[in-house]
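Comments concern the structure below.
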Amino acid sequence: MIRPTTRLFGLVMSDPRVEGHVTRIYNYLFGFNGLDAAYLSFILRPEALEVAMKGFVDTGRCEALHVAPAHQRGVARWLLRPEPVDTLTVKGGRAQASLVEPDPAKWLDPDAVLARAFADIQSWFGITAHVPPDWRDVVTETALRPCQLTSPAEEPHAARRPT
């Protein structure tokens with residue numbers, strides 16, 4: 001469940017069939033390590049990239065965004081940078097961009113994603129993550145897990161229900 005205390009991170013991607021395992025690995029590690037965090041997938045078309053990135057930075061709700069290879073050059077153009085960007089750290093309405101992994105093939109390699117997730121968890125939370133023994137199962141998982149955004153008792157959309 002995503003609460004006001006939940007720390008949010010995400011992946012800007014173009015194709016969940018190719019890059020969706022990244023989100024599943026991060027969320028599985030967050031859950032296994034008892035972290036109040038969620039790693040969200042943002043599936044964007046190239047023409048929506050600039051507006052979405054501005055929104056991410058302006059709201060500041062996602063602390064860090066990874067950018068899948070299909071959008072790395074587009075994000076770089078938006079930031080007026082000559083080199084691709086695969087990571088945005090957002091703080092105070094500003095984005096700090098970097099290229100952590102220059103090899104786009106590593107986005108498809110589950111072992112490389114796991115190693116990157118470990119480094120990110122260390123950086124973001126100051127802990128060493130533990131690996132679930134069945135972590136590889138989430139790489140090939142095809143079912144989507146529902147995400148409950150608020151507590152059922154809160155009923156945030158009750159005012160919008162038709163009468």
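Going by the structure tokens order, chains are called A, B, ..., each with residues numbered from 1, while ligands are numbered from 1 in the order shown.
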Quick one: pick out all alpha helix (DSSP H) residues within stretch 42-118 of chain A from a backbone DSSP run and write them as an NGL selection string. :A and (49-59 or 69-78 or 110-118)
Any chance you can output those residues with N, CA and C atoms as a PDB file, in the first residue's frame?
ATOM      1  N   LEU A  49       7.195  12.673 -23.337  1.00  0.00           N
ATOM      2  CA  LEU A  49       8.344  12.622 -22.441  1.00  0.00           C
ATOM      3  C   LEU A  49       8.625  13.965 -21.749  1.00  0.00           C
ATOM      4  N   GLU A  50       8.688  15.042 -22.517  1.00  0.00           N
ATOM      5  CA  GLU A  50       9.022  16.349 -21.926  1.00  0.00           C
ATOM      6  C   GLU A  50       8.021  16.784 -20.860  1.00  0.00           C
ATOM      7  N   VAL A  51       6.750  16.667 -21.164  1.00  0.00           N
ATOM      8  CA  VAL A  51       5.713  17.084 -20.219  1.00  0.00           C
ATOM      9  C   VAL A  51       5.766  16.217 -18.966  1.00  0.00           C
ATOM     10  N   ALA A  52       5.938  14.917 -19.150  1.00  0.00           N
ATOM     11  CA  ALA A  52       6.008  14.009 -18.000  1.00  0.00           C
ATOM     12  C   ALA A  52       7.225  14.309 -17.134  1.00  0.00           C
ATOM     13  N   MET A  53       8.359  14.506 -17.744  1.00  0.00           N
ATOM     14  CA  MET A  53       9.569  14.776 -16.969  1.00  0.00           C
ATOM     15  C   MET A  53       9.432  16.079 -16.187  1.00  0.00           C
ATOM     16  N   LYS A  54       8.862  17.095 -16.795  1.00  0.00           N
ATOM     17  CA  LYS A  54       8.629  18.356 -16.087  1.00  0.00           C
ATOM     18  C   LYS A  54       7.711  18.119 -14.887  1.00  0.00           C
ATOM     19  N   GLY A  55       6.682  17.321 -15.083  1.00  0.00           N
ATOM     20  CA  GLY A  55       5.769  17.005 -13.989  1.00  0.00           C
ATOM     21  C   GLY A  55       6.452  16.263 -12.857  1.00  0.00           C
ATOM     22  N   PHE A  56       7.307  15.307 -13.190  1.00  0.00           N
ATOM     23  CA  PHE A  56       8.042  14.573 -12.158  1.00  0.00           C
ATOM     24  C   PHE A  56       8.900  15.520 -11.321  1.00  0.00           C
ATOM     25  N   VAL A  57       9.594  16.404 -11.997  1.00  0.00           N
ATOM     26  CA  VAL A  57      10.490  17.319 -11.291  1.00  0.00           C
ATOM     27  C   VAL A  57       9.685  18.336 -10.481  1.00  0.00           C
ATOM     28  N   ASP A  58       8.639  18.888 -11.072  1.00  0.00           N
ATOM     29  CA  ASP A  58       7.836  19.903 -10.386  1.00  0.00           C
ATOM     30  C   ASP A  58       7.154  19.359  -9.129  1.00  0.00           C
ATOM     31  N   THR A  59       6.623  18.144  -9.199  1.00  0.00           N
ATOM     32  CA  THR A  59       5.937  17.582  -8.024  1.00  0.00           C
ATOM     33  C   THR A  59       6.931  17.071  -6.996  1.00  0.00           C
ATOM     34  N   PRO A  69      16.696   2.727 -21.792  1.00  0.00           N
ATOM     35  CA  PRO A  69      17.447   3.160 -22.977  1.00  0.00           C
ATOM     36  C   PRO A  69      16.629   3.869 -24.052  1.00  0.00           C
ATOM     37  N   ALA A  70      15.396   3.454 -24.283  1.00  0.00           N
ATOM     38  CA  ALA A  70      14.589   4.073 -25.340  1.00  0.00           C
ATOM     39  C   ALA A  70      14.352   5.566 -25.106  1.00  0.00           C
ATOM     40  N   HIS A  71      14.411   6.018 -23.861  1.00  0.00           N
ATOM     41  CA  HIS A  71      14.140   7.421 -23.544  1.00  0.00           C
ATOM     42  C   HIS A  71      15.370   8.202 -23.065  1.00  0.00           C
ATOM     43  N   GLN A  72      16.510   7.579 -23.004  1.00  0.00           N
ATOM     44  CA  GLN A  72      17.695   8.247 -22.441  1.00  0.00           C
ATOM     45  C   GLN A  72      18.121   9.472 -23.247  1.00  0.00           C
ATOM     46  N   ARG A  73      18.100   9.388 -24.542  1.00  0.00           N
ATOM     47  CA  ARG A  73      18.499  10.537 -25.366  1.00  0.00           C
ATOM     48  C   ARG A  73      17.435  11.633 -25.320  1.00  0.00           C
ATOM     49  N   GLY A  74      16.159  11.242 -25.247  1.00  0.00           N
ATOM     50  CA  GLY A  74      15.076  12.233 -25.145  1.00  0.00           C
ATOM     51  C   GLY A  74      15.157  13.025 -23.854  1.00  0.00           C
ATOM     52  N   VAL A  75      15.444  12.358 -22.758  1.00  0.00           N
ATOM     53  CA  VAL A  75      15.602  13.051 -21.482  1.00  0.00           C
ATOM     54  C   VAL A  75      16.828  13.957 -21.535  1.00  0.00           C
ATOM     55  N   ALA A  76      17.889  13.489 -22.172  1.00  0.00           N
ATOM     56  CA  ALA A  76      19.091  14.319 -22.312  1.00  0.00           C
ATOM     57  C   ALA A  76      18.775  15.581 -23.108  1.00  0.00           C
ATOM     58  N   ARG A  77      18.003  15.449 -24.196  1.00  0.00           N
ATOM     59  CA  ARG A  77      17.623  16.633 -24.989  1.00  0.00           C
ATOM     60  C   ARG A  77      16.802  17.596 -24.132  1.00  0.00           C
ATOM     61  N   TRP A  78      15.866  17.061 -23.347  1.00  0.00           N
ATOM     62  CA  TRP A  78      15.037  17.896 -22.478  1.00  0.00           C
ATOM     63  C   TRP A  78      15.906  18.671 -21.487  1.00  0.00           C
ATOM     64  N   PRO A 110      19.021  -9.442 -15.813  1.00  0.00           N
ATOM     65  CA  PRO A 110      18.521  -9.447 -14.430  1.00  0.00           C
ATOM     66  C   PRO A 110      19.625  -9.339 -13.380  1.00  0.00           C
ATOM     67  N   ASP A 111      20.773  -9.971 -13.600  1.00  0.00           N
ATOM     68  CA  ASP A 111      21.862  -9.879 -12.623  1.00  0.00           C
ATOM     69  C   ASP A 111      22.389  -8.448 -12.504  1.00  0.00           C
ATOM     70  N   ALA A 112      22.478  -7.750 -13.639  1.00  0.00           N
ATOM     71  CA  ALA A 112      22.936  -6.355 -13.619  1.00  0.00           C
ATOM     72  C   ALA A 112      21.902  -5.465 -12.938  1.00  0.00           C
ATOM     73  N   VAL A 113      20.599  -5.737 -13.186  1.00  0.00           N
ATOM     74  CA  VAL A 113      19.542  -4.965 -12.525  1.00  0.00           C
ATOM     75  C   VAL A 113      19.594  -5.200 -11.020  1.00  0.00           C
ATOM     76  N   LEU A 114      19.799  -6.434 -10.602  1.00  0.00           N
ATOM     77  CA  LEU A 114      19.888  -6.744  -9.174  1.00  0.00           C
ATOM     78  C   LEU A 114      21.068  -6.000  -8.535  1.00  0.00           C
ATOM     79  N   ALA A 115      22.207  -6.001  -9.200  1.00  0.00           N
ATOM     80  CA  ALA A 115      23.383  -5.299  -8.673  1.00  0.00           C
ATOM     81  C   ALA A 115      23.110  -3.800  -8.558  1.00  0.00           C
ATOM     82  N   ARG A 116      22.453  -3.248  -9.557  1.00  0.00           N
ATOM     83  CA  ARG A 116      22.128  -1.819  -9.512  1.00  0.00           C
ATOM     84  C   ARG A 116      21.134  -1.535  -8.390  1.00  0.00           C
ATOM     85  N   ALA A 117      20.153  -2.415  -8.219  1.00  0.00           N
ATOM     86  CA  ALA A 117      19.170  -2.235  -7.146  1.00  0.00           C
ATOM     87  C   ALA A 117      19.852  -2.259  -5.785  1.00  0.00           C
ATOM     88  N   PHE A 118      20.813  -3.157  -5.590  1.00  0.00           N
ATOM     89  CA  PHE A 118      21.567  -3.188  -4.328  1.00  0.00           C
ATOM     90  C   PHE A 118      22.268  -1.862  -4.071  1.00  0.00           C
TER      91      PHE A 118
END
Which residues are close to stretch 11-22 of chain A, i.e. within 6 Å by only C-alpha atoms, leaving aside same-chain residues fewer than 4 positions away? Reply as a PyMOL selection string. chain A and resi 41-44+65-68+139
With stretch 119-138 of chain A as the partner and 10 Å as the cut-off, tabulate the residues of stretch 22-99 of chain A that qualify, each row holding the nearest pair of atoms and their distance in Å to one decimal, using only C-alpha atoms, sorted by chain and rising number, as a tab-separated table.
residue	atom	partner	partner_atom	distance
A:Val22	CA	A:Val138	CA	9.5
A:Thr23	CA	A:Val138	CA	9.6
A:Arg24	CA	A:Val138	CA	6.0
A:Ile25	CA	A:Val138	CA	6.4
A:Tyr26	CA	A:Ile121	CA	9.0
A:Asn27	CA	A:Val138	CA	9.6
A:Tyr28	CA	A:Trp135	CA	7.4
A:Leu29	CA	A:Val131	CA	6.9
A:Phe30	CA	A:Ile121	CA	8.3
A:Gly31	CA	A:Pro132	CA	9.8
A:Phe32	CA	A:Pro132	CA	6.6
A:Asn33	CA	A:Ala129	CA	6.4
A:Gly34	CA	A:Ala129	CA	9.8
A:Leu35	CA	A:Phe125	CA	8.5
A:Ala37	CA	A:Phe125	CA	9.9
A:Glu63	CA	A:Trp124	CA	9.0
A:Ala64	CA	A:Trp124	CA	9.1
Within stretch 23-147 of chain A, find each residue whose DSSP state, derived from the backbone, is strand (DSSP E), and express the selection as a list of chain:residue names. A:Ala37, A:Ala38, A:Tyr39, A:Leu40, A:Ser41, A:Phe42, A:Ile43, A:Cys62, A:Glu63, A:Ala64, A:Leu65, A:His66, A:Val67, A:Thr87, A:Leu88, A:Thr89, A:Val90, A:Lys91, A:Arg94, A:Ala95, A:Gln96, A:Ala97, A:Ser98
Between atom CA of A:Gly92 and atom CA of A:Pro104, what is the spacing in Å?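 Computed distance, atom CA of A:Pro104 to atom CA of A:Gly92, equals 29.1 Å.
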Just the number, please: distance in Å from atom CA of A:Pro4 to atom CA of A:Cys62, one decimal. 12.1 Å
Just checking: using only C-alpha atoms, which residue out of A:Gly10, A:Arg3, A:Glu47, A:Gly60 ends up closest to A:Asp86?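 With only C-alpha atoms as the atom set, the closest residue is A:Gly10.
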Using only C-alpha atoms: which of A:Ala48, A:Gly93, A:Pro84, A:Asp36 has the shortest distance to A:Ile2: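 With only C-alpha atoms as the atom set, the closest residue is A:Asp36.
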In Å, rounded to a single decimal, give me how far atom CA of A:Glu101 is from atom CA of A:Val85.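 A separation of 9.2 Å between them.
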